[in-house]
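Shown below: model-v8.pdb, with PDB, C-alpha atoms.
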```pdb
ATOM      1  CA  MET A  25     -13.936   2.131 -65.625
ATOM      2  CA  SER A  26     -15.817   0.610 -68.552
ATOM      3  CA  ASN A  27     -17.174  -2.926 -68.662
ATOM      4  CA  ARG A  28     -14.862  -3.595 -71.576
ATOM      5  CA  LYS A  29     -11.833  -2.642 -69.503
ATOM      6  CA  GLN A  30     -13.046  -4.716 -66.569
ATOM      7  CA  LEU A  31     -13.515  -7.735 -68.817
ATOM      8  CA  SER A  32     -10.092  -7.213 -70.356
ATOM      9  CA  GLN A  33      -8.470  -7.030 -66.950
ATOM     10  CA  ALA A  34     -10.316 -10.156 -65.834
ATOM     11  CA  THR A  35      -9.163 -12.014 -68.938
ATOM     12  CA  ILE A  36      -5.542 -11.022 -68.370
ATOM     13  CA  CYS A  37      -5.850 -12.018 -64.708
ATOM     14  CA  ASP A  38      -7.225 -15.419 -65.764
ATOM     15  CA  VAL A  39      -3.979 -15.976 -67.641
ATOM     16  CA  GLY A  40      -2.085 -14.758 -64.590
ATOM     17  CA  GLU A  41      -3.846 -17.340 -62.433
ATOM     18  CA  THR A  42      -2.640 -20.102 -64.731
ATOM     19  CA  LEU A  43       0.924 -18.780 -64.844
ATOM     20  CA  PHE A  44       1.279 -18.257 -61.093
ATOM     21  CA  SER A  45      -0.264 -21.625 -60.325
ATOM     22  CA  ARG A  46       2.557 -23.234 -62.318
ATOM     23  CA  HIS A  47       5.506 -20.912 -61.787
ATOM     24  CA  ALA A  48       7.076 -18.852 -59.030
ATOM     25  CA  TYR A  49       6.604 -15.081 -59.018
ATOM     26  CA  SER A  50      10.224 -14.527 -60.004
ATOM     27  CA  ALA A  51       9.949 -16.982 -62.902
ATOM     28  CA  VAL A  52       7.070 -15.133 -64.591
ATOM     29  CA  GLY A  53       8.290 -12.142 -66.532
ATOM     30  CA  ILE A  54       6.294  -9.494 -68.347
ATOM     31  CA  LYS A  55       7.215 -11.058 -71.684
ATOM     32  CA  MET A  56       5.762 -14.410 -70.613
ATOM     33  CA  ILE A  57       2.544 -12.690 -69.596
ATOM     34  CA  LEU A  58       2.354 -10.741 -72.858
ATOM     35  CA  ASP A  59       3.023 -13.850 -74.926
ATOM     36  CA  GLU A  60       0.290 -15.805 -73.133
ATOM     37  CA  VAL A  61      -2.290 -13.018 -73.339
ATOM     38  CA  GLY A  62      -1.318 -11.863 -76.818
ATOM     39  CA  ILE A  63      -1.238  -8.135 -76.114
ATOM     40  CA  PRO A  64       1.508  -5.528 -76.610
ATOM     41  CA  LYS A  65       3.510  -4.192 -73.680
ATOM     42  CA  GLY A  66       1.780  -0.833 -73.864
ATOM     43  CA  SER A  67      -1.624  -2.435 -73.434
ATOM     44  CA  PHE A  68      -0.478  -4.285 -70.331
ATOM     45  CA  TYR A  69       0.682  -1.086 -68.673
ATOM     46  CA  HIS A  70      -2.590   0.553 -69.645
ATOM     47  CA  TYR A  71      -4.327  -1.829 -67.245
ATOM     48  CA  PHE A  72      -1.623  -2.397 -64.615
ATOM     49  CA  GLU A  73       1.036  -0.043 -63.282
ATOM     50  CA  SER A  74       3.563  -2.817 -62.722
ATOM     51  CA  LYS A  75       4.025  -6.565 -62.576
ATOM     52  CA  GLU A  76       3.437  -6.433 -58.827
ATOM     53  CA  ALA A  77       0.194  -4.484 -59.285
ATOM     54  CA  PHE A  78      -0.868  -7.140 -61.796
ATOM     55  CA  VAL A  79      -0.140  -9.955 -59.361
ATOM     56  CA  VAL A  80      -2.129  -8.173 -56.652
ATOM     57  CA  GLU A  81      -5.158  -8.165 -58.984
ATOM     58  CA  VAL A  82      -4.570 -11.814 -59.867
ATOM     59  CA  ALA A  83      -4.473 -12.778 -56.184
ATOM     60  CA  GLU A  84      -7.670 -10.856 -55.438
ATOM     61  CA  GLN A  85      -9.551 -12.366 -58.382
ATOM     62  CA  TYR A  86      -8.337 -15.880 -57.565
ATOM     63  CA  PHE A  87      -9.395 -15.558 -53.932
ATOM     64  CA  THR A  88     -12.707 -13.816 -54.583
ATOM     65  CA  LYS A  89     -13.939 -16.509 -56.970
ATOM     66  CA  ARG A  90     -13.089 -19.357 -54.648
ATOM     67  CA  PHE A  91     -14.197 -17.588 -51.492
ATOM     68  CA  ALA A  92     -17.577 -16.816 -53.027
ATOM     69  CA  ARG A  93     -18.036 -20.456 -53.994
ATOM     70  CA  PHE A  94     -17.193 -21.587 -50.466
ATOM     71  CA  CYS A  95     -19.576 -19.057 -48.873
ATOM     72  CA  ASN A  96     -22.357 -20.019 -51.276
ATOM     73  CA  ASP A  97     -21.874 -23.695 -50.488
ATOM     74  CA  LEU A  98     -22.062 -22.943 -46.761
ATOM     75  CA  ALA A  99     -25.189 -20.814 -47.159
ATOM     76  CA  ARG A 100     -27.141 -23.499 -48.986
ATOM     77  CA  ARG A 101     -25.679 -26.528 -47.232
ATOM     78  CA  SER A 102     -27.923 -29.473 -46.542
ATOM     79  CA  SER A 103     -25.203 -31.456 -44.779
ATOM     80  CA  CYS A 104     -22.822 -30.847 -41.893
ATOM     81  CA  ILE A 105     -20.193 -28.098 -42.098
ATOM     82  CA  SER A 106     -17.251 -30.504 -42.233
ATOM     83  CA  GLU A 107     -18.697 -32.134 -45.365
ATOM     84  CA  VAL A 108     -19.059 -28.739 -47.052
ATOM     85  CA  ILE A 109     -15.441 -27.905 -46.223
ATOM     86  CA  LEU A 110     -14.224 -31.252 -47.523
ATOM     87  CA  SER A 111     -16.283 -30.988 -50.712
ATOM     88  CA  THR A 112     -14.982 -27.477 -51.382
ATOM     89  CA  TYR A 113     -11.340 -28.392 -50.969
ATOM     90  CA  GLU A 114     -11.631 -31.679 -52.848
ATOM     91  CA  SER A 115     -13.047 -29.650 -55.757
ATOM     92  CA  GLU A 116     -10.010 -27.372 -55.500
ATOM     93  CA  ILE A 117      -7.741 -30.402 -55.738
ATOM     94  CA  ASP A 118      -9.610 -31.617 -58.811
ATOM     95  CA  ASP A 119      -9.242 -28.165 -60.383
ATOM     96  CA  MET A 120      -5.516 -28.298 -59.748
ATOM     97  CA  PHE A 121      -5.170 -31.570 -61.637
ATOM     98  CA  GLN A 122      -6.367 -31.243 -65.217
ATOM     99  CA  HIS A 123      -5.126 -32.775 -68.447
ATOM    100  CA  GLY A 124      -2.485 -34.707 -66.529
ATOM    101  CA  LYS A 125      -0.810 -31.539 -65.224
ATOM    102  CA  VAL A 126      -0.612 -30.380 -61.628
ATOM    103  CA  ARG A 127      -1.086 -26.726 -60.723
ATOM    104  CA  GLY A 128      -0.471 -25.256 -57.308
ATOM    105  CA  CYS A 129      -2.448 -22.829 -55.170
ATOM    106  CA  VAL A 130      -1.827 -19.331 -56.538
ATOM    107  CA  LEU A 131      -1.940 -17.824 -53.058
ATOM    108  CA  GLY A 132       0.399 -20.450 -51.606
ATOM    109  CA  ASN A 133       2.891 -19.947 -54.427
ATOM    110  CA  LEU A 134       2.816 -16.184 -53.968
ATOM    111  CA  PHE A 135       3.163 -16.377 -50.179
ATOM    112  CA  ILE A 136       6.476 -18.173 -50.639
ATOM    113  CA  GLU A 137       8.030 -15.231 -52.467
ATOM    114  CA  ALA A 138       6.189 -12.255 -50.955
ATOM    115  CA  ASN A 139       9.204 -10.648 -49.291
ATOM    116  CA  SER A 140       9.594  -7.120 -47.934
ATOM    117  CA  ASP A 141      10.529  -5.803 -51.390
ATOM    118  CA  LEU A 142       6.992  -6.610 -52.560
ATOM    119  CA  GLU A 143       5.030  -4.413 -50.176
ATOM    120  CA  LEU A 144       1.845  -4.275 -52.261
ATOM    121  CA  LEU A 145       1.756  -8.042 -52.647
ATOM    122  CA  GLN A 146       2.510  -8.640 -48.974
ATOM    123  CA  ALA A 147      -0.309  -6.318 -47.966
ATOM    124  CA  LYS A 148      -2.775  -8.001 -50.336
ATOM    125  CA  LEU A 149      -1.884 -11.528 -49.216
ATOM    126  CA  ASN A 150      -2.154 -10.555 -45.545
ATOM    127  CA  ASP A 151      -5.541  -8.964 -46.260
ATOM    128  CA  ILE A 152      -6.768 -12.073 -48.070
ATOM    129  CA  TYR A 153      -5.611 -14.345 -45.251
ATOM    130  CA  LYS A 154      -7.337 -12.192 -42.610
ATOM    131  CA  ARG A 155     -10.603 -12.177 -44.581
ATOM    132  CA  TRP A 156     -10.469 -15.948 -45.031
ATOM    133  CA  LEU A 157      -9.588 -16.474 -41.365
ATOM    134  CA  VAL A 158     -12.562 -14.441 -40.122
ATOM    135  CA  VAL A 159     -15.101 -16.429 -42.145
ATOM    136  CA  PHE A 160     -13.485 -19.813 -41.544
ATOM    137  CA  THR A 161     -13.252 -19.127 -37.805
ATOM    138  CA  GLU A 162     -16.945 -18.212 -37.710
ATOM    139  CA  CYS A 163     -17.675 -21.407 -39.636
ATOM    140  CA  ILE A 164     -15.812 -23.531 -37.087
ATOM    141  CA  GLU A 165     -17.366 -21.656 -34.161
ATOM    142  CA  LYS A 166     -20.801 -22.488 -35.534
ATOM    143  CA  GLY A 167     -19.783 -26.120 -35.863
ATOM    144  CA  GLN A 168     -18.541 -26.092 -32.270
ATOM    145  CA  GLN A 169     -21.836 -24.652 -31.060
ATOM    146  CA  GLN A 170     -23.698 -27.381 -32.948
ATOM    147  CA  GLY A 171     -21.498 -30.074 -31.439
ATOM    148  CA  GLU A 172     -19.769 -30.977 -34.694
ATOM    149  CA  PHE A 173     -16.242 -29.650 -34.057
ATOM    150  CA  ARG A 174     -14.000 -30.152 -31.051
ATOM    151  CA  LYS A 175     -13.910 -27.349 -28.464
ATOM    152  CA  ASP A 176     -10.583 -28.058 -26.760
ATOM    153  CA  ILE A 177      -8.843 -25.993 -29.461
ATOM    154  CA  ASP A 178      -9.878 -22.401 -30.135
ATOM    155  CA  ALA A 179     -11.810 -21.970 -33.398
ATOM    156  CA  ARG A 180      -9.364 -19.365 -34.720
ATOM    157  CA  GLN A 181      -6.436 -21.649 -33.994
ATOM    158  CA  LEU A 182      -8.179 -24.564 -35.719
ATOM    159  CA  ALA A 183      -8.804 -22.348 -38.754
ATOM    160  CA  ALA A 184      -5.142 -21.289 -38.881
ATOM    161  CA  MET A 185      -4.063 -24.927 -38.573
ATOM    162  CA  PHE A 186      -6.378 -25.865 -41.434
ATOM    163  CA  TRP A 187      -4.859 -23.178 -43.712
ATOM    164  CA  ALA A 188      -1.319 -24.369 -42.904
ATOM    165  CA  HIS A 189      -2.261 -28.007 -43.478
ATOM    166  CA  TRP A 190      -3.964 -27.182 -46.777
ATOM    167  CA  GLU A 191      -1.021 -25.226 -48.177
ATOM    168  CA  GLY A 192       1.399 -27.933 -47.058
ATOM    169  CA  ALA A 193      -0.713 -30.633 -48.709
ATOM    170  CA  VAL A 194      -0.827 -28.659 -51.960
ATOM    171  CA  LEU A 195       2.952 -28.223 -51.989
ATOM    172  CA  LYS A 196       3.303 -31.995 -51.534
ATOM    173  CA  PHE A 197       0.756 -32.492 -54.323
ATOM    174  CA  GLN A 198       2.915 -30.480 -56.719
ATOM    175  CA  VAL A 199       5.697 -33.010 -56.104
ATOM    176  CA  SER A 200       3.753 -36.270 -55.898
ATOM    177  CA  SER A 201       0.936 -35.531 -58.404
ATOM    178  CA  ASP A 202      -1.200 -37.952 -56.379
ATOM    179  CA  LYS A 203      -4.495 -36.154 -55.871
ATOM    180  CA  GLU A 204      -6.126 -39.039 -54.002
ATOM    181  CA  GLN A 205      -3.320 -38.930 -51.460
ATOM    182  CA  VAL A 206      -3.856 -35.197 -50.954
ATOM    183  CA  LYS A 207      -7.610 -35.665 -50.611
ATOM    184  CA  GLN A 208      -6.985 -38.312 -47.970
ATOM    185  CA  LYS A 209      -4.704 -35.937 -46.064
ATOM    186  CA  MET A 210      -7.479 -33.354 -46.015
ATOM    187  CA  ARG A 211     -10.019 -35.946 -44.882
ATOM    188  CA  ASN A 212      -7.680 -37.013 -42.093
ATOM    189  CA  PHE A 213      -7.201 -33.448 -40.889
ATOM    190  CA  ILE A 214     -10.896 -32.623 -40.969
ATOM    191  CA  GLN A 215     -11.517 -35.818 -39.013
ATOM    192  CA  LEU A 216      -9.188 -34.478 -36.322
ATOM    193  CA  MET A 217     -11.394 -31.366 -36.131
ATOM    194  CA  VAL A 218     -14.625 -33.335 -35.767
ATOM    195  CA  ILE A 219     -15.937 -34.744 -32.487
ATOM    196  CA  PRO A 220     -16.035 -38.555 -32.825
ATOM    197  CA  SER A 221     -19.469 -40.157 -32.786
ATOM    198  CA  PHE A 222     -19.734 -43.412 -30.897
TER     199      PHE A 222
END
```
Could I get this file's structure written as structure tokens?
Amino acid sequence: MSNRKQLSQATICDVGETLFSRHAYSAVGIKMILDEVGIPKGSFYHYFESKEAFVVEVAEQYFTKRFARFCNDLARRSSCISEVILSTYESEIDDMFQHGKVRGCVLGNLFIEANSDLELLQAKLNDIYKRWLVVFTECIEKGQQQGEFRKDIDARQLAAMFWAHWEGAVLKFQVSSDKEQVKQKMRNFIQLMVIPSF
């Protein structure tokens, strides 16, 4: 695959990220994608076998970019793990609110509609969640070992609870458009994970 093709696919997927952060899977048709990207139908199918295959690439690109940023922030952290987590997710909230318009989490939006008819998408989303869960669990385990996070709840369970809380907060954000409220919800949840200092 040439660099030119890779760049073209990435550009189309960038548009896909925007569309699927604002609309449900079923609401985004091929024509909408083509109109936004400005390419003919034949060119789209040159890069992607189907709409579902396109969405799978969008989900992977969306996750990879954000996951890399989170891992990089953890690797070079100069503060406690909980502050890195909070900073990362507050940045995500800021990214979702630009120019007065609220966008949702692409992965959260896709999870809602990833039924058994969308086998490729289901498999990709499950893979993404498992990859995220492994790293986030390790992150919490390290915090538990360092005395930062509570130990009465298993690290993997805490990680799963965090994911559920995050996606729920983002769905509420799409309705309320109050980013400070969503940030506060995330702060409150992270505080529940942290061992109180007296």
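Of the listed residues (A:Val80, A:Val199, A:Met56, A:Ile152), A:Val80 comes nearest to A:Cys37; the distances count all atoms listed in the file.
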Practice item. Pick out the closest residue to A:Lys148 from this set: A:Gln169, A:Gln85, A:Thr35, A:Gln181. Count only C-alpha atoms. Key: A:Gln85
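Among the candidate residues A:Lys196, A:Arg174, A:Arg155, A:His189, the one lying nearest to A:Phe91 is A:Arg155, with distances computed using only C-alpha atoms.
Considering the residues A:Thr161, A:Gln146, A:Gln208, A:Ser201 and counting only C-alpha atoms, A:Arg180 has its shortest atom-to-atom contact with A:Thr161.
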Exercise for review: Using the chain letters and residue numbers of this document, give as a VMD selection string the residues selected by the PyMOL selection byres ((chain A and resi 103-107) around 10).
Suggested key: chain A and resid 97 to 98 100 to 102 108 to 113 163 to 164 166 to 167 170 172 to 173 211 214 to 215 217 to 218
Exercise for review: Quote the spacing between atom CA of A:Phe44 and atom CA of A:Val130 in Å to one decimal place.
Suggested key: 5.6 Å
Would you compute an axis-aligned box for stretch 143-150 of chain A, covering every atom listed for it in the file with 3 Å of margin on each side, and report centre and edge lengths in Å to one decimal as JSON?
```
{"center_x": 1.1, "center_y": -7.9, "center_z": -49.1, "size_x": 13.8, "size_y": 13.3, "size_z": 13.1}
```
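Taking atom CA of A:Lys125 and atom CA of A:Leu195 as endpoints, the distance between them is 14.2 Å.
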